>>> print(open('target_8.pdb').read())   # PDB, C-alpha atoms
ATOM      1  CA  MET A   1     -65.145 -52.385 -47.204
ATOM      2  CA  ILE A   2     -64.451 -48.750 -46.874
ATOM      3  CA  GLY A   3     -67.285 -48.383 -44.421
ATOM      4  CA  ALA A   4     -66.096 -51.325 -42.368
ATOM      5  CA  ILE A   5     -62.598 -49.977 -42.229
ATOM      6  CA  SER A   6     -63.910 -46.597 -41.186
ATOM      7  CA  TYR A   7     -65.991 -48.214 -38.474
ATOM      8  CA  PHE A   8     -63.100 -50.171 -37.018
ATOM      9  CA  SER A   9     -60.840 -47.117 -37.265
ATOM     10  CA  VAL A  10     -63.300 -45.021 -35.287
ATOM     11  CA  GLN A  11     -63.713 -47.756 -32.707
ATOM     12  CA  ALA A  12     -59.949 -48.068 -32.317
ATOM     13  CA  SER A  13     -59.674 -44.296 -31.961
ATOM     14  CA  PHE A  14     -62.348 -44.266 -29.257
ATOM     15  CA  SER A  15     -60.630 -47.115 -27.413
ATOM     16  CA  SER A  16     -57.293 -45.328 -27.578
ATOM     17  CA  GLN A  17     -58.828 -42.117 -26.273
ATOM     18  CA  ALA A  18     -60.566 -43.995 -23.443
ATOM     19  CA  GLU A  19     -57.341 -45.634 -22.406
ATOM     20  CA  GLY A  20     -55.656 -42.240 -22.448
ATOM     21  CA  ILE A  21     -58.403 -40.775 -20.309
ATOM     22  CA  SER A  22     -58.127 -43.682 -17.902
ATOM     23  CA  ARG A  23     -54.394 -43.151 -17.606
ATOM     24  CA  VAL A  24     -54.926 -39.411 -16.987
ATOM     25  CA  ASP A  25     -57.573 -40.212 -14.367
ATOM     26  CA  ALA A  26     -55.209 -42.653 -12.687
ATOM     27  CA  GLN A  27     -52.369 -40.151 -12.729
ATOM     28  CA  THR A  28     -54.657 -37.400 -11.435
ATOM     29  CA  SER A  29     -55.892 -39.646  -8.643
ATOM     30  CA  ALA A  30     -52.333 -40.599  -7.698
ATOM     31  CA  GLY A  31     -51.295 -36.961  -7.781
ATOM     32  CA  THR A  32     -54.210 -36.007  -5.573
ATOM     33  CA  GLU A  33     -53.299 -38.742  -3.110
ATOM     34  CA  ASN A  34     -49.698 -37.517  -3.077
ATOM     35  CA  LEU A  35     -50.822 -33.928  -2.550
ATOM     36  CA  ASN A  36     -53.083 -35.010   0.291
ATOM     37  CA  ALA A  37     -50.236 -36.995   1.832
ATOM     38  CA  ASP A  38     -47.867 -34.022   1.516
ATOM     39  CA  ALA A  39     -50.456 -31.715   3.047
ATOM     40  CA  THR A  40     -51.001 -34.147   5.890
ATOM     41  CA  THR A  41     -47.249 -34.397   6.450
ATOM     42  CA  GLN A  42     -46.871 -30.617   6.436
ATOM     43  CA  ALA A  43     -49.753 -30.228   8.876
ATOM     44  CA  SER A  44     -48.227 -32.855  11.147
ATOM     45  CA  LYS A  45     -44.859 -31.123  11.047
ATOM     46  CA  GLN A  46     -46.511 -27.778  11.811
ATOM     47  CA  THR A  47     -48.439 -29.308  14.715
ATOM     48  CA  ILE A  48     -45.286 -30.888  16.115
ATOM     49  CA  SER A  49     -43.426 -27.605  15.697
ATOM     50  CA  ASN A  50     -46.169 -25.708  17.504
ATOM     51  CA  LEU A  51     -46.239 -28.260  20.306
ATOM     52  CA  ALA A  52     -42.458 -28.062  20.621
ATOM     53  CA  ARG A  53     -42.618 -24.277  20.877
ATOM     54  CA  GLN A  54     -45.394 -24.464  23.459
ATOM     55  CA  LEU A  55     -43.459 -27.023  25.475
ATOM     56  CA  ALA A  56     -40.284 -24.952  25.320
ATOM     57  CA  ALA A  57     -42.193 -21.816  26.299
ATOM     58  CA  SER A  58     -43.839 -23.578  29.226
ATOM     59  CA  THR A  59     -40.434 -24.930  30.283
ATOM     60  CA  GLY A  60     -38.914 -21.463  30.147
ATOM     61  CA  ARG A  61     -41.753 -19.986  32.162
ATOM     62  CA  ALA A  62     -41.561 -22.806  34.695
ATOM     63  CA  LEU A  63     -37.838 -22.119  35.102
ATOM     64  CA  MET A  64     -38.493 -18.400  35.536
ATOM     65  CA  LEU A  65     -41.172 -18.936  38.177
ATOM     66  CA  SER A  66     -39.121 -21.508  40.050
ATOM     67  CA  ARG A  67     -35.794 -19.658  40.067
ATOM     68  CA  LEU A  68     -37.053 -16.136  40.669
ATOM     69  CA  PHE A  69     -40.140 -16.705  42.810
ATOM     70  CA  GLY A  70     -39.812 -20.224  44.175
ATOM     71  CA  VAL A  71     -43.113 -21.105  42.500
ATOM     72  CA  GLU A  72     -43.355 -24.754  41.490
ATOM     73  CA  ASN A  73     -45.816 -26.453  39.104
ATOM     74  CA  ASN A  74     -49.156 -24.605  39.221
ATOM     75  CA  GLY A  75     -48.370 -22.312  42.139
ATOM     76  CA  ALA A  76     -49.617 -18.730  42.073
ATOM     77  CA  GLU A  77     -47.262 -16.209  40.487
ATOM     78  CA  PRO A  78     -46.673 -13.107  42.661
ATOM     79  CA  PRO A  79     -48.406 -10.012  41.264
ATOM     80  CA  VAL A  80     -46.380  -7.201  39.731
ATOM     81  CA  VAL A  81     -45.611  -4.488  42.296
ATOM     82  CA  SER A  82     -45.204  -0.912  41.068
ATOM     83  CA  GLY A  83     -41.759   0.560  41.548
ATOM     84  CA  ILE A  84     -43.057   4.109  41.990
ATOM     85  CA  ASN A  85     -42.998   3.618  45.776
ATOM     86  CA  GLY A  86     -40.550   0.731  45.695
ATOM     87  CA  MET A  87     -38.067   2.366  48.044
ATOM     88  CA  ASP A  88     -40.519   3.401  50.761
ATOM     89  CA  LEU A  89     -40.753   1.558  54.086
ATOM     90  CA  ASN A  90     -43.623  -0.645  52.928
ATOM     91  CA  HIS A  91     -41.825  -1.944  49.854
ATOM     92  CA  ILE A  92     -38.069  -1.686  50.381
ATOM     93  CA  GLY A  93     -37.981  -5.062  52.135
ATOM     94  CA  MET A  94     -39.588  -6.834  49.178
ATOM     95  CA  SER A  95     -37.634  -8.980  46.761
ATOM     96  CA  PRO A  96     -36.642  -6.980  43.648
ATOM     97  CA  GLN A  97     -38.130  -9.738  41.489
ATOM     98  CA  ASN A  98     -41.616  -8.729  42.629
ATOM     99  CA  PHE A  99     -41.199  -5.486  40.696
ATOM    100  CA  LEU A 100     -40.473  -7.186  37.365
ATOM    101  CA  THR A 101     -43.159  -6.237  34.852
ATOM    102  CA  THR A 102     -45.264  -8.668  32.837
ATOM    103  CA  SER A 103     -43.111  -8.096  29.749
ATOM    104  CA  ASP A 104     -39.945  -8.528  31.851
ATOM    105  CA  ARG A 105     -41.170 -11.932  33.048
ATOM    106  CA  ALA A 106     -42.105 -13.021  29.518
ATOM    107  CA  LEU A 107     -38.641 -12.093  28.243
ATOM    108  CA  LEU A 108     -36.916 -13.775  31.173
ATOM    109  CA  SER A 109     -38.907 -16.956  30.463
ATOM    110  CA  ASP A 110     -37.530 -16.931  26.916
ATOM    111  CA  MET A 111     -34.053 -16.190  28.255
ATOM    112  CA  TYR A 112     -34.144 -19.198  30.580
ATOM    113  CA  GLU A 113     -35.371 -21.408  27.728
ATOM    114  CA  TYR A 114     -32.593 -20.150  25.435
ATOM    115  CA  ALA A 115     -29.878 -20.470  28.084
ATOM    116  CA  GLN A 116     -30.935 -24.027  28.889
ATOM    117  CA  GLN A 117     -30.961 -25.020  25.218
ATOM    118  CA  GLN A 118     -27.469 -23.569  24.836
ATOM    119  CA  GLY A 119     -26.128 -25.367  27.893
ATOM    120  CA  ALA A 120     -25.446 -22.126  29.761
ATOM    121  CA  ASP A 121     -25.413 -21.821  33.541
ATOM    122  CA  LEU A 122     -28.813 -20.392  34.466
ATOM    123  CA  GLN A 123     -27.214 -18.177  37.109
ATOM    124  CA  ASN A 124     -26.266 -15.912  34.210
ATOM    125  CA  VAL A 125     -29.977 -15.256  33.690
ATOM    126  CA  ASP A 126     -30.614 -15.050  37.453
ATOM    127  CA  GLN A 127     -28.144 -12.200  37.915
ATOM    128  CA  LEU A 128     -29.509 -10.277  34.957
ATOM    129  CA  ALA A 129     -33.014 -10.703  36.389
ATOM    130  CA  PHE A 130     -31.878  -9.379  39.785
ATOM    131  CA  ALA A 131     -30.294  -6.319  38.167
ATOM    132  CA  LEU A 132     -33.466  -5.641  36.184
ATOM    133  CA  GLY A 133     -35.574  -6.101  39.337
ATOM    134  CA  ASP A 134     -33.439  -3.579  41.257
ATOM    135  CA  TYR A 135     -33.921  -1.128  38.411
ATOM    136  CA  ARG A 136     -37.700  -1.580  38.501
ATOM    137  CA  GLN A 137     -37.867  -1.339  42.305
ATOM    138  CA  SER A 138     -36.043   1.998  42.260
ATOM    139  CA  ASN A 139     -38.697   3.422  39.923
ATOM    140  CA  ASN A 140     -36.601   2.653  36.847
ATOM    141  CA  GLY A 141     -33.498   4.045  38.505
ATOM    142  CA  ARG A 142     -35.002   7.392  39.490
ATOM    143  CA  ALA A 143     -34.750   6.709  43.231
ATOM    144  CA  ILE A 144     -30.997   5.940  43.106
ATOM    145  CA  TYR A 145     -28.514   8.749  42.685
ATOM    146  CA  ASN A 146     -25.637   8.516  40.217
ATOM    147  CA  PHE A 147     -22.272   8.155  41.979
ATOM    148  CA  ASN A 148     -20.690  10.462  39.406
ATOM    149  CA  ASN A 149     -23.087  13.330  40.094
ATOM    150  CA  GLY A 150     -20.309  15.543  41.449
ATOM    151  CA  ASN A 151     -21.132  15.209  45.156
ATOM    152  CA  ASN A 152     -18.858  12.365  46.299
ATOM    153  CA  PHE A 153     -15.689  13.397  48.115
ATOM    154  CA  ASP A 154     -13.114  11.607  50.195
ATOM    155  CA  PHE A 155     -12.155  12.922  53.657
ATOM    156  CA  GLU A 156      -9.350  15.040  52.169
ATOM    157  CA  GLY A 157     -11.693  16.880  49.811
ATOM    158  CA  HIS A 158     -10.942  15.090  46.538
ATOM    159  CA  LEU A 159     -13.917  14.556  44.211
ATOM    160  CA  ARG A 160     -14.430  10.834  43.609
ATOM    161  CA  THR A 161     -15.706   9.287  40.365
ATOM    162  CA  VAL A 162     -16.048   5.663  39.308
ATOM    163  CA  SER A 163     -15.694   3.914  35.956
ATOM    164  CA  PHE A 164     -15.743   0.373  34.571
ATOM    165  CA  ASN A 165     -12.530  -1.522  34.043
ATOM    166  CA  GLU A 166     -11.206  -1.797  30.498
ATOM    167  CA  LYS A 167     -13.069  -4.997  29.662
ATOM    168  CA  ASP A 168     -16.469  -3.806  30.917
ATOM    169  CA  THR A 169     -15.976  -0.404  29.284
ATOM    170  CA  ALA A 170     -15.439  -2.063  25.891
ATOM    171  CA  THR A 171     -18.455  -4.363  26.309
ATOM    172  CA  ALA A 172     -20.720  -1.505  27.416
ATOM    173  CA  ALA A 173     -19.639   0.525  24.377
ATOM    174  CA  ARG A 174     -20.421  -2.363  22.015
ATOM    175  CA  ILE A 175     -23.921  -2.739  23.477
ATOM    176  CA  LEU A 176     -24.741   0.959  23.540
ATOM    177  CA  ASN A 177     -23.350   1.657  20.054
ATOM    178  CA  GLY A 178     -24.429  -1.586  18.367
ATOM    179  CA  ASP A 179     -27.359  -2.068  15.994
ATOM    180  CA  ALA A 180     -29.180  -4.524  18.269
ATOM    181  CA  ILE A 181     -30.024  -2.016  21.013
ATOM    182  CA  SER A 182     -32.593  -0.287  18.817
ATOM    183  CA  SER A 183     -34.709  -3.443  18.470
ATOM    184  CA  THR A 184     -33.838  -5.570  21.499
ATOM    185  CA  ARG A 185     -36.576  -6.741  23.852
ATOM    186  CA  LEU A 186     -34.371  -6.026  26.863
ATOM    187  CA  ASP A 187     -35.456  -2.613  28.173
ATOM    188  CA  GLN A 188     -33.305   0.105  26.589
ATOM    189  CA  GLY A 189     -33.782   2.332  29.621
ATOM    190  CA  PHE A 190     -32.357  -0.408  31.836
ATOM    191  CA  LEU A 191     -29.415  -0.916  29.487
ATOM    192  CA  ARG A 192     -28.516   2.772  29.357
ATOM    193  CA  TYR A 193     -28.916   3.047  33.125
ATOM    194  CA  THR A 194     -26.866   0.030  34.169
ATOM    195  CA  LEU A 195     -24.153   0.581  31.522
ATOM    196  CA  ASP A 196     -23.570   4.070  32.921
ATOM    197  CA  PRO A 197     -20.682   3.502  35.369
ATOM    198  CA  GLY A 198     -22.166   5.987  37.832
ATOM    199  CA  ASN A 199     -25.102   3.589  38.202
ATOM    200  CA  GLY A 200     -23.843   0.131  37.299
ATOM    201  CA  ALA A 201     -20.190   0.040  38.321
ATOM    202  CA  LEU A 202     -20.915  -0.411  42.021
ATOM    203  CA  SER A 203     -24.160  -2.390  41.908
ATOM    204  CA  ASN A 204     -24.501  -4.608  38.848
ATOM    205  CA  THR A 205     -23.183  -8.146  39.340
ATOM    206  CA  SER A 206     -24.415  -9.569  36.032
ATOM    207  CA  ASP A 207     -21.911 -10.441  33.326
ATOM    208  CA  PHE A 208     -21.868  -7.651  30.730
ATOM    209  CA  GLU A 209     -20.732 -10.044  27.992
ATOM    210  CA  PHE A 210     -23.684 -12.338  28.695
ATOM    211  CA  MET A 211     -25.926  -9.257  28.645
ATOM    212  CA  GLU A 212     -24.494  -8.426  25.221
ATOM    213  CA  GLN A 213     -25.394 -11.884  23.908
ATOM    214  CA  ILE A 214     -28.948 -11.513  25.228
ATOM    215  CA  VAL A 215     -29.347  -8.069  23.666
ATOM    216  CA  ILE A 216     -28.367  -9.509  20.275
ATOM    217  CA  LYS A 217     -30.338 -12.743  20.586
ATOM    218  CA  PHE A 218     -33.628 -11.020  21.365
ATOM    219  CA  SER A 219     -33.408  -8.391  18.662
ATOM    220  CA  ASP A 220     -33.723  -8.070  14.882
ATOM    221  CA  ALA A 221     -29.960  -8.660  14.648
ATOM    222  CA  ASP A 222     -30.294 -12.282  15.845
ATOM    223  CA  THR A 223     -29.288 -13.569  12.390
ATOM    224  CA  GLU A 224     -25.656 -12.780  13.230
ATOM    225  CA  GLN A 225     -25.680 -15.029  16.292
ATOM    226  CA  ILE A 226     -25.477 -18.812  16.056
ATOM    227  CA  SER A 227     -24.940 -19.979  19.631
ATOM    228  CA  LEU A 228     -23.729 -18.860  23.047
ATOM    229  CA  PRO A 229     -19.976 -19.108  23.675
ATOM    230  CA  SER A 230     -19.043 -22.145  25.753
ATOM    231  CA  LYS A 231     -17.606 -19.981  28.542
ATOM    232  CA  PHE A 232     -21.165 -19.298  29.725
ATOM    233  CA  SER A 233     -21.580 -22.965  30.637
ATOM    234  CA  SER A 234     -20.257 -21.906  34.042
ATOM    235  CA  PHE A 235     -21.142 -18.753  35.938
ATOM    236  CA  SER A 236     -18.492 -16.184  36.759
ATOM    237  CA  GLY A 237     -20.543 -13.019  37.153
ATOM    238  CA  ARG A 238     -19.087  -9.621  37.801
ATOM    239  CA  SER A 239     -17.498  -8.423  41.043
ATOM    240  CA  PRO A 240     -18.004  -4.649  41.472
ATOM    241  CA  SER A 241     -15.041  -4.453  43.850
ATOM    242  CA  GLU A 242     -12.758  -5.907  41.178
ATOM    243  CA  SER A 243     -14.400  -4.369  38.113
ATOM    244  CA  SER A 244     -14.756  -0.756  39.283
ATOM    245  CA  VAL A 245     -12.053   1.866  38.997
ATOM    246  CA  PHE A 246     -12.083   4.931  41.274
ATOM    247  CA  THR A 247     -10.522   8.248  40.321
ATOM    248  CA  LEU A 248      -9.736  11.188  42.637
ATOM    249  CA  SER A 249      -9.593  14.762  41.435
ATOM    250  CA  LYS A 250      -6.308  16.620  41.742
ATOM    251  CA  GLU A 251      -8.100  19.606  43.238
ATOM    252  CA  VAL A 252      -9.008  19.667  46.913
ATOM    253  CA  LEU A 253     -12.114  21.584  47.916
ATOM    254  CA  ASP A 254     -11.923  23.767  51.010
ATOM    255  CA  PRO A 255     -13.958  23.433  53.109
ATOM    256  CA  ASN A 256     -14.105  19.720  52.483
ATOM    257  CA  PRO A 257     -17.741  18.771  51.711
ATOM    258  CA  ALA A 258     -17.212  15.382  53.363
ATOM    259  CA  SER A 259     -16.250  16.990  56.662
ATOM    260  CA  THR A 260     -19.386  19.143  56.748
ATOM    261  CA  PHE A 261     -21.802  16.421  55.682
ATOM    262  CA  LYS A 262     -24.802  16.082  57.987
ATOM    263  CA  PRO A 263     -26.720  12.803  57.741
ATOM    264  CA  GLN A 264     -30.458  13.060  58.283
ATOM    265  CA  ILE A 265     -30.721   9.599  59.858
ATOM    266  CA  ILE A 266     -28.397   8.371  62.615
ATOM    267  CA  ASN A 267     -28.240   5.272  64.788
ATOM    268  CA  ASP A 268     -27.853   5.766  68.532
ATOM    269  CA  ASN A 269     -27.188   2.496  70.361
ATOM    270  CA  GLY A 270     -29.410   0.499  68.028
ATOM    271  CA  LYS A 271     -32.220   3.082  67.801
ATOM    272  CA  TRP A 272     -32.712   5.252  64.741
ATOM    273  CA  ILE A 273     -33.181   9.027  64.941
ATOM    274  CA  VAL A 274     -34.501  11.087  62.034
ATOM    275  CA  LEU A 275     -33.052  14.589  62.379
ATOM    276  CA  ASP A 276     -35.264  17.554  61.653
ATOM    277  CA  PRO A 277     -33.908  19.453  58.580
ATOM    278  CA  GLU A 278     -34.706  22.792  60.272
ATOM    279  CA  VAL A 279     -32.607  21.786  63.272
ATOM    280  CA  LEU A 280     -29.785  20.679  60.993
ATOM    281  CA  GLY A 281     -29.808  23.916  59.050
ATOM    282  CA  GLY A 282     -28.506  26.335  61.658
ATOM    283  CA  ASN A 283     -26.590  24.030  64.009
ATOM    284  CA  SER A 284     -23.605  21.758  63.964
ATOM    285  CA  PHE A 285     -24.291  18.054  63.638
ATOM    286  CA  GLU A 286     -23.599  17.503  67.353
ATOM    287  CA  GLN A 287     -25.931  20.353  68.382
ATOM    288  CA  ALA A 288     -28.676  19.121  66.058
ATOM    289  CA  THR A 289     -28.403  15.601  67.482
ATOM    290  CA  ALA A 290     -28.564  16.869  71.087
ATOM    291  CA  LEU A 291     -31.567  19.088  70.328
ATOM    292  CA  GLN A 292     -33.371  16.228  68.606
ATOM    293  CA  LYS A 293     -32.815  13.957  71.623
ATOM    294  CA  MET A 294     -34.157  16.658  73.954
ATOM    295  CA  THR A 295     -37.236  17.097  71.774
ATOM    296  CA  LEU A 296     -37.901  13.367  71.752
ATOM    297  CA  ALA A 297     -37.412  13.106  75.528
ATOM    298  CA  ALA A 298     -39.836  15.999  76.161
ATOM    299  CA  SER A 299     -42.363  14.417  73.848
ATOM    300  CA  LEU A 300     -42.085  11.126  75.724
ATOM    301  CA  ASN A 301     -42.571  12.874  79.075
ATOM    302  CA  GLU A 302     -45.746  14.533  77.792
ATOM    303  CA  GLN A 303     -47.046  11.153  76.642
ATOM    304  CA  VAL A 304     -46.324   9.667  80.087
ATOM    305  CA  ILE A 305     -48.124  12.505  81.898
ATOM    306  CA  SER A 306     -51.099  12.314  79.560
ATOM    307  CA  ALA A 307     -51.366   8.573  79.886
ATOM    308  CA  PHE A 308     -50.871   8.685  83.676
ATOM    309  CA  PHE A 309     -53.663  11.181  84.429
ATOM    310  CA  GLY A 310     -55.888  10.152  81.554
ATOM    311  CA  ASN A 311     -56.516   6.682  82.936
ATOM    312  CA  ASP A 312     -58.099   7.810  86.208
ATOM    313  CA  LYS A 313     -59.608  11.317  86.285
ATOM    314  CA  ASN A 314     -60.531  11.003  89.969
ATOM    315  CA  THR A 315     -56.926  10.603  91.025
ATOM    316  CA  SER A 316     -55.408  13.633  92.768
ATOM    317  CA  LYS A 317     -52.233  15.079  91.236
ATOM    318  CA  ASP A 318     -50.862  15.849  94.717
ATOM    319  CA  SER A 319     -51.278  12.288  95.911
ATOM    320  CA  LEU A 320     -49.382  10.991  92.907
ATOM    321  CA  SER A 321     -46.701  13.655  92.590
ATOM    322  CA  SER A 322     -43.928  11.658  94.253
ATOM    323  CA  SER A 323     -44.631   8.602  92.118
ATOM    324  CA  LEU A 324     -44.833  10.712  88.965
ATOM    325  CA  PHE A 325     -41.552  12.517  89.606
ATOM    326  CA  GLU A 326     -39.897   9.195  90.340
ATOM    327  CA  LEU A 327     -41.172   7.827  87.009
ATOM    328  CA  LEU A 328     -40.057  10.863  85.026
ATOM    329  CA  ASN A 329     -36.674  10.718  86.694
ATOM    330  CA  LYS A 330     -36.273   7.158  85.439
ATOM    331  CA  VAL A 331     -37.378   8.134  81.922
ATOM    332  CA  GLY A 332     -34.786  10.887  81.845
ATOM    333  CA  LYS A 333     -31.991   8.435  82.550
ATOM    334  CA  VAL A 334     -33.113   5.768  80.091
ATOM    335  CA  LYS A 335     -31.849   5.866  76.489
ATOM    336  CA  THR A 336     -34.856   6.934  74.500
ATOM    337  CA  LEU A 337     -33.253   6.710  71.063
TER
END
>>> encode(input="target_8.pdb", output="structure tokens")
Amino acid sequence: MIGAISYFSVQASFSSQAEGISRVDAQTSAGTENLNADATTQASKQTISNLARQLAASTGRALMLSRLFGVENNGAEPPVVSGINGMDLNHIGMSPQNFLTTSDRALLSDMYEYAQQQGADLQNVDQLAFALGDYRQSNNGRAIYNFNNGNNFDFEGHLRTVSFNEKDTATAARILNGDAISSTRLDQGFLRYTLDPGNGALSNTSDFEFMEQIVIKFSDADTEQISLPSKFSSFSGRSPSESSVFTLSKEVLDPNPASTFKPQIINDNGKWIVLDPEVLGGNSFEQATALQKMTLAASLNEQVISAFFGNDKNTSKDSLSSSLFELLNKVGKVKTL
């Protein structure tokens, strides 16, 4: 009996253990299935998130290309033009947007995407892009002189300086002294240039408060910003004529620098004359202009004579003298400039 009992006890123990193992196997299998399902769900979410980011990025870039360059769908993006010679005769007629760098265009694409998501008027981004393009075209501001450089006088001899109005002054100070400027993707050189009233007061038409939001958004300080204020849903911009404040010095310089100023380029009845600096140096403006006109007229006469006799070497000078003098007489009376 004892042996039989022992046998049945062992058998029952084995059966119990087998059932336990089966339950563990079932639980393990179910857990594995759940883990696989969770992993699949996570992968799907990640894929959707990546696709959403790619779609948003492509939308932002499409907006940038369309609004700044007029490029639709798969049209060719204009190449980046260097601003080193941006103000010379070959480049000054170009659109400032052509001088935006590759990184500028990438940032602007993200700015358009962000502005659209926030329901902001995209003209806010347009104006900031134009200001940045002007900065690039002028060789990062090097080709444009600062109005407050100490050389601007009115006709009475007062030194003129310009500043921002109270609102713009406060906004510029917040940007320049805030934490975000050290990590923002918006070019720090551009910010310091355009937020200097000698540079930006008379030229920048972008909204400084919108610029401030962009500086924060695209920086390490973005955690402090939730969304754009609703006022940016419409575009107001910045009017330099209304936002700039001029100041005149109490002192009057004598002689007045403005009265002795000699421009190097003048317009004479629709024709431009570039005055020789050497002629300007020792003569009054009127004398320099008269001398330059005489020089140009003499040069034209020489060209006429050369062209006249160079075409037919067998022609006698004597036989053509009357015709030549008549022609030169007409040239002398015609406005050459």
>>> resolve_selection(input="target_8.pdb", expression="the PyMOL selection byres ((chain A and resi 216) around 9)", output="list in words")
Ile175, Asp179, Ala180, Ile181, Ser183, Thr184, Met211, Glu212, Gln213, Ile214, Val215, Lys217, Phe218, Ser219, Asp220, Ala221, Asp222, Thr223, Glu224 and Gln225 of chain A
>>> write_last_selection(input="target_8.pdb", atoms="C-alpha atoms", output="PDB file, in the frame of the given file")
ATOM      1  CA  ILE A 175     -23.921  -2.739  23.477  1.00  0.00           C
ATOM      2  CA  ASP A 179     -27.359  -2.068  15.994  1.00  0.00           C
ATOM      3  CA  ALA A 180     -29.180  -4.524  18.269  1.00  0.00           C
ATOM      4  CA  ILE A 181     -30.024  -2.016  21.013  1.00  0.00           C
ATOM      5  CA  SER A 183     -34.709  -3.443  18.470  1.00  0.00           C
ATOM      6  CA  THR A 184     -33.838  -5.570  21.499  1.00  0.00           C
ATOM      7  CA  MET A 211     -25.926  -9.257  28.645  1.00  0.00           C
ATOM      8  CA  GLU A 212     -24.494  -8.426  25.221  1.00  0.00           C
ATOM      9  CA  GLN A 213     -25.394 -11.884  23.908  1.00  0.00           C
ATOM     10  CA  ILE A 214     -28.948 -11.513  25.228  1.00  0.00           C
ATOM     11  CA  VAL A 215     -29.347  -8.069  23.666  1.00  0.00           C
ATOM     12  CA  LYS A 217     -30.338 -12.743  20.586  1.00  0.00           C
ATOM     13  CA  PHE A 218     -33.628 -11.020  21.365  1.00  0.00           C
ATOM     14  CA  SER A 219     -33.408  -8.391  18.662  1.00  0.00           C
ATOM     15  CA  ASP A 220     -33.723  -8.070  14.882  1.00  0.00           C
ATOM     16  CA  ALA A 221     -29.960  -8.660  14.648  1.00  0.00           C
ATOM     17  CA  ASP A 222     -30.294 -12.282  15.845  1.00  0.00           C
ATOM     18  CA  THR A 223     -29.288 -13.569  12.390  1.00  0.00           C
ATOM     19  CA  GLU A 224     -25.656 -12.780  13.230  1.00  0.00           C
ATOM     20  CA  GLN A 225     -25.680 -15.029  16.292  1.00  0.00           C
TER      21      GLN A 225
END
>>> residues_around(input="target_8.pdb", residues="Gln97 (chain A)", least_positions_apart="2", cutoff="7 Å", atoms="only C-alpha atoms", output="number ranges by chain")
A: 68, 95, 99-100, 130, 133
>>> resolve_selection(input="target_8.pdb", expression="the PyMOL selection byres ((chain A and resi 118) around 10)", output="ChimeraX atom specification")
/A:112-117,119-121,227-230,232-233
>>> resolve_selection(input="target_8.pdb", expression="the PyMOL selection byres ((chain A and resi 203) around 10)", output="list in words")
Ala131, Asp134, Thr194, Pro197, Gly198, Asn199, Gly200, Ala201, Leu202, Asn204, Thr205, Ser206, Arg238, Ser239, Pro240, Ser241 and Ser244 of chain A
>>> closest_residue(input="target_8.pdb", among="A:Asn139, A:Ser58, A:Ser66, A:Ser234", to="Ala106 (chain A)", atoms="all atoms listed in the file")
A:Ser58
>>> closest_residue(input="target_8.pdb", among="A:Ser182, A:Met64, A:Ala143, A:Phe246", to="Ser109 (chain A)", atoms="all atoms listed in the file")
A:Met64
>>> closest_residue(input="target_8.pdb", among="A:Ala172, A:Leu248, A:Met111, A:Met87", to="Asn124 (chain A)", atoms="only C-alpha atoms")
A:Met111
>>> closest_residue(input="target_8.pdb", among="A:Phe208, A:Thr247, A:Ser103, A:Asp187", to="Phe147 (chain A)", atoms="all atoms listed in the file")
A:Thr247
>>> closest_residue(input="target_8.pdb", among="A:Leu108, A:Glu251, A:Gln137, A:Leu132", to="Val81 (chain A)", atoms="only C-alpha atoms")
A:Gln137
>>> atom_distance(input="target_8.pdb", atom1="CA of Asp104 (chain A)", atom2="CA of Arg185 (chain A)")
8.9 Å
>>> axis_aligned_box(input="target_8.pdb", around="region 97-116 of chain A", padding_each_side="3 Å", output="JSON")
{"center_x": -37.6, "center_y": -14.8, "center_z": 34.0, "size_x": 21.4, "size_y": 24.5, "size_z": 23.2}
>>> atom_distance(input="target_8.pdb", atom1="CA of Phe210 (chain A)", atom2="CA of Asn140 (chain A)")
21.4 Å
>>> closest_residue(input="target_8.pdb", among="A:His158, A:Arg174, A:Gly189, A:Phe164", to="Leu253 (chain A)", atoms="all atoms listed in the file")
A:His158
>>> atom_distance(input="target_8.pdb", atom1="CA of Gln123 (chain A)", atom2="CA of Ala173 (chain A)")
23.9 Å
>>> residues_around(input="target_8.pdb", residues="Val245 (chain A)", least_positions_apart="3", cutoff="8 Å", atoms="only C-alpha atoms", output="list in words")
Val162, Ser163, Phe164 and Asn165 of chain A
>>> write_last_selection(input="target_8.pdb", atoms="C-alpha atoms", output="tab-separated table (two decimals), in the coordinates of the input")
chain	number	residue	atom	x	y	z
A	162	VAL	CA	-16.05	5.66	39.31
A	163	SER	CA	-15.69	3.91	35.96
A	164	PHE	CA	-15.74	0.37	34.57
A	165	ASN	CA	-12.53	-1.52	34.04
